[in-house]
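Asker: Below is the file protein-v7.txt, with compact mmCIF, C-alpha atoms and all ligand atoms.
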# COMPACT_ATOMS: atom_id res chain seq x y z
CA MET A 5 104.04 107.20 92.09
CA LYS A 6 105.99 104.37 93.66
CA ASP A 7 104.47 100.89 93.89
CA GLU A 8 103.83 101.08 97.64
CA THR A 9 101.66 104.16 97.03
CA LYS A 10 99.97 102.66 93.98
CA LEU A 11 98.99 99.67 96.08
CA VAL A 12 97.19 101.98 98.47
CA VAL A 13 95.47 104.39 96.09
CA SER A 14 94.86 102.62 92.79
CA GLY A 15 91.42 101.22 92.00
CA ARG A 16 89.78 103.12 94.89
CA ASP A 17 87.49 106.14 94.80
CA PRO A 18 86.10 106.89 98.28
CA GLU A 19 84.65 110.23 97.15
CA ALA A 20 82.33 108.41 94.79
CA ASN A 21 81.30 106.03 97.56
CA PHE A 22 80.15 108.04 100.63
CA GLY A 23 83.76 108.30 101.83
CA ILE A 24 83.97 104.54 102.34
CA VAL A 25 87.60 103.51 102.03
CA ASN A 26 87.27 100.25 100.10
CA ALA A 27 85.55 99.64 96.78
CA PRO A 28 81.88 98.69 97.06
CA VAL A 29 80.87 95.07 96.47
CA TYR A 30 78.23 95.07 93.76
CA HIS A 31 76.34 91.83 93.35
CA ALA A 32 74.86 92.09 89.88
CA SER A 33 73.47 90.10 87.01
CA THR A 34 70.58 92.16 85.57
CA ILE A 35 71.22 95.83 84.98
CA LEU A 36 68.08 97.95 84.56
CA TYR A 37 67.93 100.73 81.97
CA SER A 38 65.55 103.66 82.08
CA SER A 39 64.95 103.69 78.34
CA LEU A 40 65.76 101.88 75.14
CA ALA A 41 67.99 104.78 74.19
CA GLU A 42 70.04 104.38 77.39
CA LEU A 43 70.32 100.63 76.88
CA GLN A 44 71.60 101.10 73.37
CA GLN A 45 73.95 103.90 74.38
CA ARG A 46 75.58 101.86 77.14
CA HIS A 47 75.99 98.81 74.93
CA LYS A 48 77.56 100.97 72.26
CA GLU A 49 80.03 102.43 74.76
CA ARG A 50 80.86 98.98 76.06
CA ALA A 51 81.50 97.73 72.54
CA GLU A 52 83.96 100.62 72.20
CA GLY A 53 85.86 99.23 75.17
CA LYS A 54 84.67 101.68 77.85
CA GLN A 55 84.10 100.57 81.44
CA VAL A 56 80.31 100.79 81.41
CA VAL A 57 77.89 98.74 83.49
CA SER A 58 75.80 96.75 81.01
CA TYR A 59 75.41 93.23 82.38
CA GLY A 60 76.89 91.57 85.49
CA ARG A 61 79.20 89.30 83.54
CA MET A 62 80.77 92.24 81.71
CA GLY A 63 82.14 93.82 84.87
CA THR A 64 81.09 96.23 87.60
CA PRO A 65 82.92 98.90 89.61
CA THR A 66 83.91 96.03 91.93
CA THR A 67 85.79 94.12 89.24
CA TRP A 68 87.29 97.32 87.81
CA SER A 69 88.69 98.26 91.22
CA LEU A 70 90.89 95.16 91.17
CA GLU A 71 91.56 95.18 87.44
CA ASP A 72 92.64 98.83 87.36
CA ALA A 73 94.96 98.41 90.33
CA VAL A 74 96.65 95.32 88.89
CA ALA A 75 96.99 96.89 85.42
CA GLU A 76 98.71 99.89 86.96
CA LEU A 77 101.08 97.77 89.05
CA GLU A 78 101.99 95.42 86.20
CA GLY A 79 102.60 98.43 83.98
CA GLY A 80 100.10 97.28 81.36
CA TYR A 81 97.07 98.87 79.73
CA ARG A 82 94.10 97.03 81.23
CA SER A 83 93.32 93.80 83.11
CA GLN A 84 90.57 91.20 83.15
CA VAL A 85 89.60 88.97 86.07
CA PHE A 86 89.06 85.20 85.79
CA PRO A 87 87.69 82.71 88.31
CA SER A 88 91.10 81.07 88.90
CA GLY A 89 94.72 81.40 87.88
CA LEU A 90 94.40 78.42 85.58
CA ALA A 91 91.33 79.91 83.88
CA ALA A 92 93.43 83.03 83.30
CA CYS A 93 96.24 80.98 81.71
CA ALA A 94 93.84 78.94 79.57
CA HIS A 95 91.76 81.85 78.31
CA ALA A 96 94.76 84.06 77.70
CA MET A 97 96.13 81.41 75.36
CA GLN A 98 92.77 80.64 73.77
CA SER A 99 92.01 84.30 73.11
CA PHE A 100 95.01 84.61 70.79
CA LEU A 101 95.01 81.19 69.09
CA LYS A 102 93.17 79.62 66.18
CA ALA A 103 93.36 76.26 64.40
CA GLY A 104 96.65 75.89 62.56
CA ASP A 105 98.59 78.12 64.97
CA HIS A 106 101.75 77.08 66.77
CA LEU A 107 102.58 77.77 70.42
CA LEU A 108 106.05 77.64 71.95
CA MET A 109 105.78 76.62 75.59
CA THR A 110 108.51 76.54 78.22
CA ASP A 111 109.18 73.04 79.56
CA SER A 112 109.17 74.49 83.08
CA VAL A 113 105.58 75.74 82.86
CA TYR A 114 103.04 75.29 85.67
CA GLY A 115 101.78 71.69 85.28
CA PRO A 116 98.06 72.35 84.76
CA SER A 117 98.91 74.90 82.01
CA ARG A 118 100.81 72.08 80.30
CA ASN A 119 97.76 69.82 80.64
CA PHE A 120 95.60 72.50 79.02
CA CYS A 121 97.96 72.61 76.03
CA ASP A 122 98.18 68.84 75.69
CA GLN A 123 94.56 67.97 76.34
CA VAL A 124 92.58 70.97 75.07
CA LEU A 125 94.59 73.04 72.55
CA SER A 126 95.67 69.85 70.76
CA ARG A 127 91.99 69.00 70.12
CA PHE A 128 91.52 72.30 68.30
CA GLY A 129 94.37 71.88 65.86
CA ILE A 130 96.91 74.00 67.71
CA GLU A 131 100.42 72.66 67.74
CA VAL A 132 102.50 73.02 70.89
CA THR A 133 106.28 72.68 71.03
CA TYR A 134 107.97 72.62 74.43
CA TYR A 135 111.34 74.31 74.70
CA ASP A 136 114.21 74.34 77.18
CA PRO A 137 113.57 77.27 79.58
CA LEU A 138 117.27 78.18 79.30
CA ILE A 139 117.07 78.46 75.50
CA GLY A 140 117.50 82.26 75.33
CA THR A 141 118.20 83.43 71.77
CA GLY A 142 118.11 79.78 70.66
CA ILE A 143 114.33 80.19 70.51
CA LYS A 144 114.98 81.49 66.98
CA ASP A 145 115.43 77.94 65.66
CA LEU A 146 112.03 76.84 66.96
CA ILE A 147 109.97 79.72 65.60
CA ARG A 148 107.79 78.83 62.61
CA PRO A 149 105.81 81.03 60.24
CA ASN A 150 102.64 80.09 62.18
CA THR A 151 104.07 80.63 65.68
CA ARG A 152 101.55 82.90 67.39
CA ILE A 153 102.60 82.77 71.06
CA VAL A 154 105.88 82.28 72.88
CA TYR A 155 104.88 81.48 76.46
CA VAL A 156 107.35 82.09 79.29
CA GLU A 157 107.33 81.55 83.02
CA SER A 158 110.27 82.75 85.08
CA PRO A 159 111.35 81.30 87.35
CA GLY A 160 109.96 77.93 86.25
CA SER A 161 107.36 76.11 88.33
CA GLN A 162 109.00 73.70 90.82
CA THR A 163 112.47 73.96 89.22
CA PHE A 164 113.16 77.73 89.21
CA GLU A 165 115.05 78.17 85.94
CA MET A 166 115.37 81.84 85.04
CA GLN A 167 114.49 82.80 81.47
CA ASP A 168 116.08 85.54 79.39
CA ILE A 169 112.73 87.11 78.56
CA PRO A 170 114.02 90.25 76.76
CA ALA A 171 116.11 88.07 74.41
CA ILE A 172 113.18 85.74 73.74
CA ALA A 173 110.77 88.66 73.26
CA ASP A 174 113.05 90.36 70.76
CA ILE A 175 113.11 87.28 68.54
CA ALA A 176 109.41 86.52 69.00
CA HIS A 177 108.39 90.04 68.02
CA LYS A 178 110.59 90.06 64.91
CA ALA A 179 108.81 86.86 63.86
CA GLY A 180 105.36 88.38 64.50
CA ALA A 181 104.61 86.30 67.61
CA ILE A 182 103.44 87.64 70.96
CA VAL A 183 105.03 86.91 74.34
CA MET A 184 102.76 85.67 77.10
CA MET A 185 104.09 85.35 80.63
CA ASP A 186 102.92 83.64 83.79
CA ASN A 187 104.15 86.29 86.26
CA THR A 188 102.72 84.71 89.40
CA TRP A 189 106.00 83.99 91.22
CA ALA A 190 107.23 87.59 91.30
CA SER A 191 103.76 89.18 91.57
CA PRO A 192 103.29 92.58 89.89
CA LEU A 193 105.70 94.07 92.45
CA PHE A 194 108.89 92.17 91.73
CA TYR A 195 108.70 91.82 87.95
CA LYS A 196 107.49 94.42 85.47
CA PRO A 197 106.66 92.29 82.45
CA PHE A 198 105.86 95.14 80.05
CA ASP A 199 109.32 96.66 80.59
CA HIS A 200 110.88 93.43 79.31
CA GLY A 201 108.93 92.80 76.11
CA VAL A 202 105.97 90.82 77.47
CA ASP A 203 102.64 91.48 75.71
CA VAL A 204 100.26 89.53 77.95
CA SER A 205 100.91 88.93 81.65
CA ILE A 206 99.07 86.41 83.80
CA GLN A 207 98.66 86.40 87.58
CA ALA A 208 97.29 83.54 89.63
CA GLY A 209 95.82 86.11 92.05
CA THR A 210 95.06 83.13 94.28
CA LYS A 211 98.68 83.34 95.44
CA TYR A 212 100.18 86.62 96.68
CA ILE A 213 97.48 89.07 95.61
CA VAL A 214 94.81 87.32 97.67
CA GLY A 215 97.52 86.34 100.13
CA HIS A 216 95.34 84.51 102.63
CA SER A 217 94.75 81.06 101.08
CA ASP A 218 91.01 81.53 100.86
CA VAL A 219 90.10 82.67 97.34
CA MET A 220 90.62 81.47 93.75
CA MET A 221 91.43 84.36 91.40
CA GLY A 222 93.06 84.95 88.02
CA ILE A 223 93.99 88.25 86.35
CA VAL A 224 95.34 88.88 82.86
CA THR A 225 96.91 92.20 81.88
CA THR A 226 97.88 93.22 78.34
CA SER A 227 99.55 96.05 76.48
CA GLU A 228 97.17 98.44 74.71
CA GLU A 229 97.76 96.72 71.38
CA HIS A 230 96.51 93.35 72.60
CA TRP A 231 93.74 94.42 74.96
CA SER A 232 90.75 94.08 72.63
CA THR A 233 91.74 90.51 71.69
CA LEU A 234 92.05 89.44 75.31
CA GLN A 235 88.88 91.19 76.41
CA ALA A 236 86.88 89.72 73.53
CA GLY A 237 88.27 86.26 74.29
CA ALA A 238 87.23 86.54 77.93
CA ASN A 239 83.79 87.99 77.21
CA LEU A 240 82.93 85.53 74.44
CA ALA A 241 83.80 82.67 76.78
CA GLY A 242 81.77 84.17 79.65
CA GLN A 243 84.73 84.68 81.94
CA THR A 244 84.48 86.81 85.07
CA ALA A 245 84.94 86.34 88.84
CA GLY A 246 82.48 86.66 91.72
CA PRO A 247 82.27 90.04 93.51
CA ASP A 248 83.09 88.73 97.00
CA ASP A 249 86.22 87.01 95.68
CA VAL A 250 87.21 90.13 93.76
CA TYR A 251 86.71 92.17 96.92
CA LEU A 252 88.96 89.87 98.93
CA ALA A 253 91.61 90.02 96.21
CA GLN A 254 91.65 93.84 96.16
CA ARG A 255 91.74 93.79 99.96
CA GLY A 256 94.74 91.46 99.92
CA LEU A 257 96.45 93.62 97.32
CA ARG A 258 96.61 96.64 99.67
CA THR A 259 99.19 94.92 101.90
CA LEU A 260 101.14 93.14 99.17
CA SER A 261 104.28 95.25 99.56
CA VAL A 262 104.81 94.57 103.27
CA ARG A 263 103.90 90.92 102.96
CA LEU A 264 106.12 90.29 99.96
CA LYS A 265 109.15 92.00 101.52
CA GLN A 266 108.80 89.72 104.54
CA HIS A 267 108.27 86.61 102.38
CA MET A 268 111.46 87.55 100.51
CA GLU A 269 113.51 88.10 103.66
CA ASN A 270 112.24 84.93 105.34
CA GLY A 271 112.66 82.89 102.14
CA ILE A 272 116.25 83.97 101.61
CA ARG A 273 117.14 83.24 105.23
CA ILE A 274 115.70 79.72 105.03
CA ALA A 275 117.29 79.10 101.61
CA GLU A 276 120.71 80.10 102.96
CA TRP A 277 120.26 77.95 106.05
CA LEU A 278 119.31 74.95 103.88
CA LYS A 279 122.45 75.49 101.78
CA GLY A 280 124.54 74.84 104.85
CA ARG A 281 122.85 71.52 105.70
CA ASP A 282 124.60 68.21 104.98
CA GLU A 283 121.35 66.57 103.90
CA VAL A 284 120.81 69.11 101.10
CA HIS A 285 122.15 68.58 97.57
CA SER A 286 121.22 72.04 96.23
CA VAL A 287 118.91 74.98 96.78
CA LEU A 288 116.94 76.33 93.80
CA HIS A 289 116.45 79.97 94.73
CA PRO A 290 117.33 82.64 92.13
CA ALA A 291 118.33 85.22 94.75
CA LEU A 292 121.21 82.99 95.92
CA SER A 293 124.44 84.04 94.21
CA ASP A 294 125.31 80.51 93.08
CA HIS A 295 121.95 79.92 91.35
CA PRO A 296 122.58 79.50 87.59
CA GLY A 297 119.97 82.17 86.83
CA HIS A 298 121.10 84.62 89.50
CA ASN A 299 122.44 87.20 87.05
CA LEU A 300 119.18 87.28 85.08
CA TRP A 301 117.26 87.61 88.33
CA LYS A 302 119.47 90.50 89.39
CA ARG A 303 119.21 92.19 86.01
CA ASP A 304 115.42 91.93 85.54
CA PHE A 305 113.69 91.35 88.88
CA LEU A 306 113.04 93.73 91.77
CA GLY A 307 112.85 91.06 94.45
CA ALA A 308 112.16 87.42 95.23
CA SER A 309 109.01 85.91 96.64
CA GLY A 310 108.89 83.24 99.32
CA LEU A 311 108.65 80.24 96.99
CA PHE A 312 111.65 78.06 96.12
CA SER A 313 112.76 74.44 96.02
CA PHE A 314 115.65 72.41 97.34
CA ARG A 315 116.94 68.97 96.48
CA LEU A 316 117.88 66.40 99.08
CA LYS A 317 120.92 64.20 98.69
CA ALA A 318 119.88 60.84 97.17
CA SER A 319 117.64 59.21 99.74
CA SER A 320 114.81 56.72 100.14
CA LYS A 321 111.13 57.54 99.79
CA GLN A 322 110.74 56.72 103.48
CA ALA A 323 113.39 59.27 104.43
CA VAL A 324 111.69 61.98 102.35
CA ALA A 325 108.35 61.10 103.97
CA ALA A 326 109.93 61.15 107.43
CA PHE A 327 111.18 64.68 106.75
CA MET A 328 107.86 65.96 105.42
CA ASP A 329 105.15 64.09 107.31
CA ASP A 330 105.61 65.51 110.79
CA LEU A 331 106.55 69.09 110.02
CA GLU A 332 104.46 71.24 112.32
CA LEU A 333 104.59 74.71 110.79
CA PHE A 334 104.82 73.67 107.13
CA GLY A 335 101.43 72.49 105.92
CA MET A 336 101.54 69.91 103.15
CA GLY A 337 99.46 71.19 100.29
CA TYR A 338 99.28 72.77 96.85
CA SER A 339 99.07 76.43 96.04
CA TRP A 340 101.09 79.07 97.91
CA GLY A 341 101.29 82.81 98.45
CA GLY A 342 99.30 82.87 101.68
CA TYR A 343 100.68 83.99 105.02
CA GLU A 344 101.59 80.45 106.04
CA SER A 345 104.44 78.10 105.18
CA LEU A 346 103.88 75.09 102.94
CA VAL A 347 105.82 72.06 101.73
CA ILE A 348 105.24 69.83 98.73
CA TYR A 349 107.16 67.07 96.94
CA ALA A 350 107.53 67.20 93.16
CA ASP A 351 109.04 64.94 90.50
CA PRO A 352 109.66 67.02 87.36
CA SER A 353 111.09 63.96 85.54
CA SER A 354 107.52 62.65 85.28
CA TYR A 355 106.27 65.41 82.96
CA ARG A 356 109.21 67.09 81.21
CA THR A 357 109.49 66.52 77.47
CA ALA A 358 111.95 69.04 75.99
CA THR A 359 114.51 68.62 78.77
CA LYS A 360 115.52 65.78 81.04
CA TRP A 361 115.22 66.09 84.80
CA ASP A 362 117.20 63.70 86.97
CA ASN A 363 115.17 62.90 90.06
CA THR A 364 117.97 61.09 91.94
CA ASN A 365 117.95 64.02 94.35
CA PRO A 366 114.36 64.36 95.54
CA LEU A 367 112.90 67.82 95.01
CA ILE A 368 110.96 69.57 97.76
CA ARG A 369 109.25 72.89 97.22
CA LEU A 370 108.77 75.27 100.12
CA HIS A 371 106.62 78.31 100.49
CA ILE A 372 108.01 80.43 103.30
CA GLY A 373 105.28 82.24 105.16
CA LEU A 374 105.29 85.05 107.68
CA GLU A 375 106.15 82.96 110.75
CA SER A 376 109.39 83.59 112.67
CA THR A 377 112.25 82.05 110.68
CA ASP A 378 113.72 80.78 113.98
CA ASP A 379 110.63 78.64 114.46
CA LEU A 380 110.66 77.51 110.84
CA ILE A 381 114.31 76.49 111.14
CA SER A 382 113.58 74.48 114.31
CA ASP A 383 110.77 72.72 112.47
CA LEU A 384 112.98 71.88 109.47
CA SER A 385 115.83 70.80 111.80
CA ALA A 386 113.55 68.32 113.49
CA GLY A 387 112.56 67.10 110.02
CA PHE A 388 116.21 66.47 109.14
CA ASP A 389 116.64 64.53 112.42
CA ARG A 390 113.77 62.25 111.36
CA PHE A 391 115.25 62.07 107.85
CA ASN A 392 118.65 61.00 109.19
CA ALA A 393 117.07 58.39 111.46
CA VAL A 394 115.64 56.43 108.49
CA LYS A 395 118.02 57.43 105.69
C1 LIG B 401 98.86 78.28 91.16
C2 LIG B 401 99.38 78.70 89.84
C3 LIG B 401 98.53 78.88 88.75
C4 LIG B 401 97.07 78.56 88.80
O1 LIG B 401 96.37 79.30 89.73
P1 LIG B 401 95.01 78.75 90.41
O2 LIG B 401 94.40 79.96 90.95
O3 LIG B 401 95.42 77.73 91.41
O4 LIG B 401 94.17 78.13 89.29
C5 LIG B 401 99.08 79.32 87.57
N1 LIG B 401 100.40 79.56 87.46
C6 LIG B 401 101.25 79.39 88.47
C7 LIG B 401 102.69 79.69 88.29
C8 LIG B 401 100.78 78.94 89.70
O5 LIG B 401 101.63 78.75 90.71
Show the structure stored in the file as structure tokens.

Answerer:
Amino acid sequence: MKDETKLVVSGRDPEANFGIVNAPVYHASTILYSSLAELQQRHKERAEGKQVVSYGRMGTPTTWSLEDAVAELEGGYRSQVFPSGLAACAHAMQSFLKAGDHLLMTDSVYGPSRNFCDQVLSRFGIEVTYYDPLIGTGIKDLIRPNTRIVYVESPGSQTFEMQDIPAIADIAHKAGAIVMMDNTWASPLFYKPFDHGVDVSIQAGTKYIVGHSDVMMGIVTTSEEHWSTLQAGANLAGQTAGPDDVYLAQRGLRTLSVRLKQHMENGIRIAEWLKGRDEVHSVLHPALSDHPGHNLWKRDFLGASGLFSFRLKASSKQAVAAFMDDLELFGMGYSWGGYESLVIYADPSSYRTATKWDNTNPLIRLHIGLESTDDLISDLSAGFDRFNAVK
């Protein structure tokens, strides 16, 4: 089955649900058993890894509807929901780490994931080394006997470096480490992590899977080999997500293919238009042929989402603010992946440690929504007029 079909059929079973198209929303904490024997039987089956209703926190047909669909789309074995993307990142790492372990983390990782490493993992005796996202096979020199996880995110948050994940995975696996990926940018549609050597894939479902800027959601998918470790890590830490949020995420998922294709088309059009502007120093979009990671993107990815950055020519803070403050269609705010366009300023030089980032050319990240690109271009044009007036 192709992905477009999988998006429609996976995780749904109308025949088991009075013919109702969407998965039922079960609100559950207590589960009642008819006998001690049934209670013990269900708990035994659950301990064996079966999808059995035993207690609300351990999952219901509502959570499985989303988890099964995402696992199928990512090409992994099974998935587990978390109450946010960051919770998914944090508990994925925690599930596989113990005191004395070493984690290799890309310097281009999502900022709050970095904070989790620096402020939580460090307190539990786990060593973290940041590496240049462009390191490729050079990762070999940083691997230690106690390296447990090599964590990748491609393209990088804010800065959009593309990583050679198959090359990194090959070296990590030979050294006995696992590869964990934050696959939020591409969504399960445009990158198939398990085809490229990834063992554990993380989605901030908050972004494109939910798609409507109204729910926090995280989902982790693993290969069969690593499933029991991840599931135990999530269950022991009491991780799950609320049924209404799960429902909205599986509802968003059904239209992911049409939304993402439009985000891609709109994003590329805006990126190309920005490239032609005098005010712009560079556009950081891996689908553009002059992006340094374009060949890796073409080799490994099936598409591009609507999120990218561009850098302005050296300019004052006031000029950057003049550009951003009065945009009408671009909301100023964090997160992305909804139907609407967003703009945010970022200064990667303030947090990078393994690599240097020169912030002379201010970096602006755009999420391109589903509006008409003509209207978006008019809005950005007016922004550049304001920018030029105070530059
Ligand atoms: C937003 C984001 C997260 C965190 O997701 P939340 O649901 O906001 O906690 C993780 N990784 C990436 C790449 C993100 O963009």

Asker: Using all atoms listed in the file, which protein or nucleic acid residues come within 8 Å of region 238-250 of chain A? Drop anything in the same chain fewer than 6 positions from it, and give the result as a ChimeraX atom specification.

Answerer: /A:29-31,61-63,66-67,70,84-87,95-96,99,219-221

Asker: For a test of reading the model, state the distance in Å between CA of Ser293 (chain A) and CA of Tyr212 (chain A), rounded to one decimal.

Answerer: 24.5 Å

Asker: Please compute the CA of Thr188 (chain A)-atom O3 of ligand LIG 401 (chain B) distance, one decimal, in Å.

Answerer: 10.3 Å

Asker: Could you tell me how far CA of Val214 (chain A) sits from CA of Leu252 (chain A), in Å to one decimal place?

Answerer: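 One can read the CA of Leu252 (chain A) to CA of Val214 (chain A) distance as 6.5 Å.
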
Asker: Once you count all atoms listed in the file, which residues end up within 8 Å of ligand LIG 401 (chain B), and could you hand them over as number ranges by chain?

Answerer: A: 87-93, 113-114, 116-117, 157, 160-161, 186-189, 206-211, 220-222, 338-340

Asker: Here is a test: counting all atoms listed in the file, which residue of A:Asn119, A:Thr110, A:Thr163, A:Gln45 is nearest to Gly297 (chain A)?

Answerer: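 Comparing A:Asn119, A:Thr110, A:Thr163, A:Gln45 against Gly297 (chain A), the winner is A:Thr163.
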
Asker: What's the 12 Å shell around Asp379 (chain A), counting only C-alpha atoms, without same-chain residues fewer than 5 positions away, as a ChimeraX atom specification?

Answerer: /A:270,274,331-334,345,372-374,384-386

Asker: Leu292 (chain A): which residues within 9 Å, counting only C-alpha atoms, same-chain residues fewer than 5 positions away excluded, as an NGL selection string?

Answerer: :A and (272 or 275-276 or 287 or 298)

Asker: Give me, as a count of residues only, all polymer residues having an atom no more than 9 Å from region 137-143 of chain A, counting only C-alpha atoms and skipping those fewer than 5 positions away in the same chain.

Answerer: 23

Asker: Could you check which residues have any atom within 9 Å of (116.0, 68.7, 78.7), counting all atoms listed in the file with coordinates taken straight from the file, and then list them as a list of chain:residue names?

Answerer: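 Within the cut-off we find A:Asp111, A:Tyr135, A:Asp136, A:Pro137, A:Arg356, A:Thr357, A:Ala358, A:Thr359, A:Lys360, A:Trp361.
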
Asker: Could you check the closest approach to Phe194 (chain A) for each of A:Ala291, A:Leu306, A:Ala236, A:Ala253 and tell me which residue wins, using only C-alpha atoms?

Answerer: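 Closest to Phe194 (chain A) of all the choices is A:Leu306.
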
Asker: Show me, as a PyMOL selection string, the residues that have an atom within 9 Å of Arg390 (chain A) when counting only C-alpha atoms, minus same-chain residues fewer than 6 positions from it.

Answerer: chain A and resi 323+326-327+330

Asker: For a quick check of understanding, using all atoms listed in the file, which of A:Leu146, A:Ala94, A:Leu36, A:Ala27 has the smallest distance to Cys121 (chain A)?

Answerer: A:Ala94
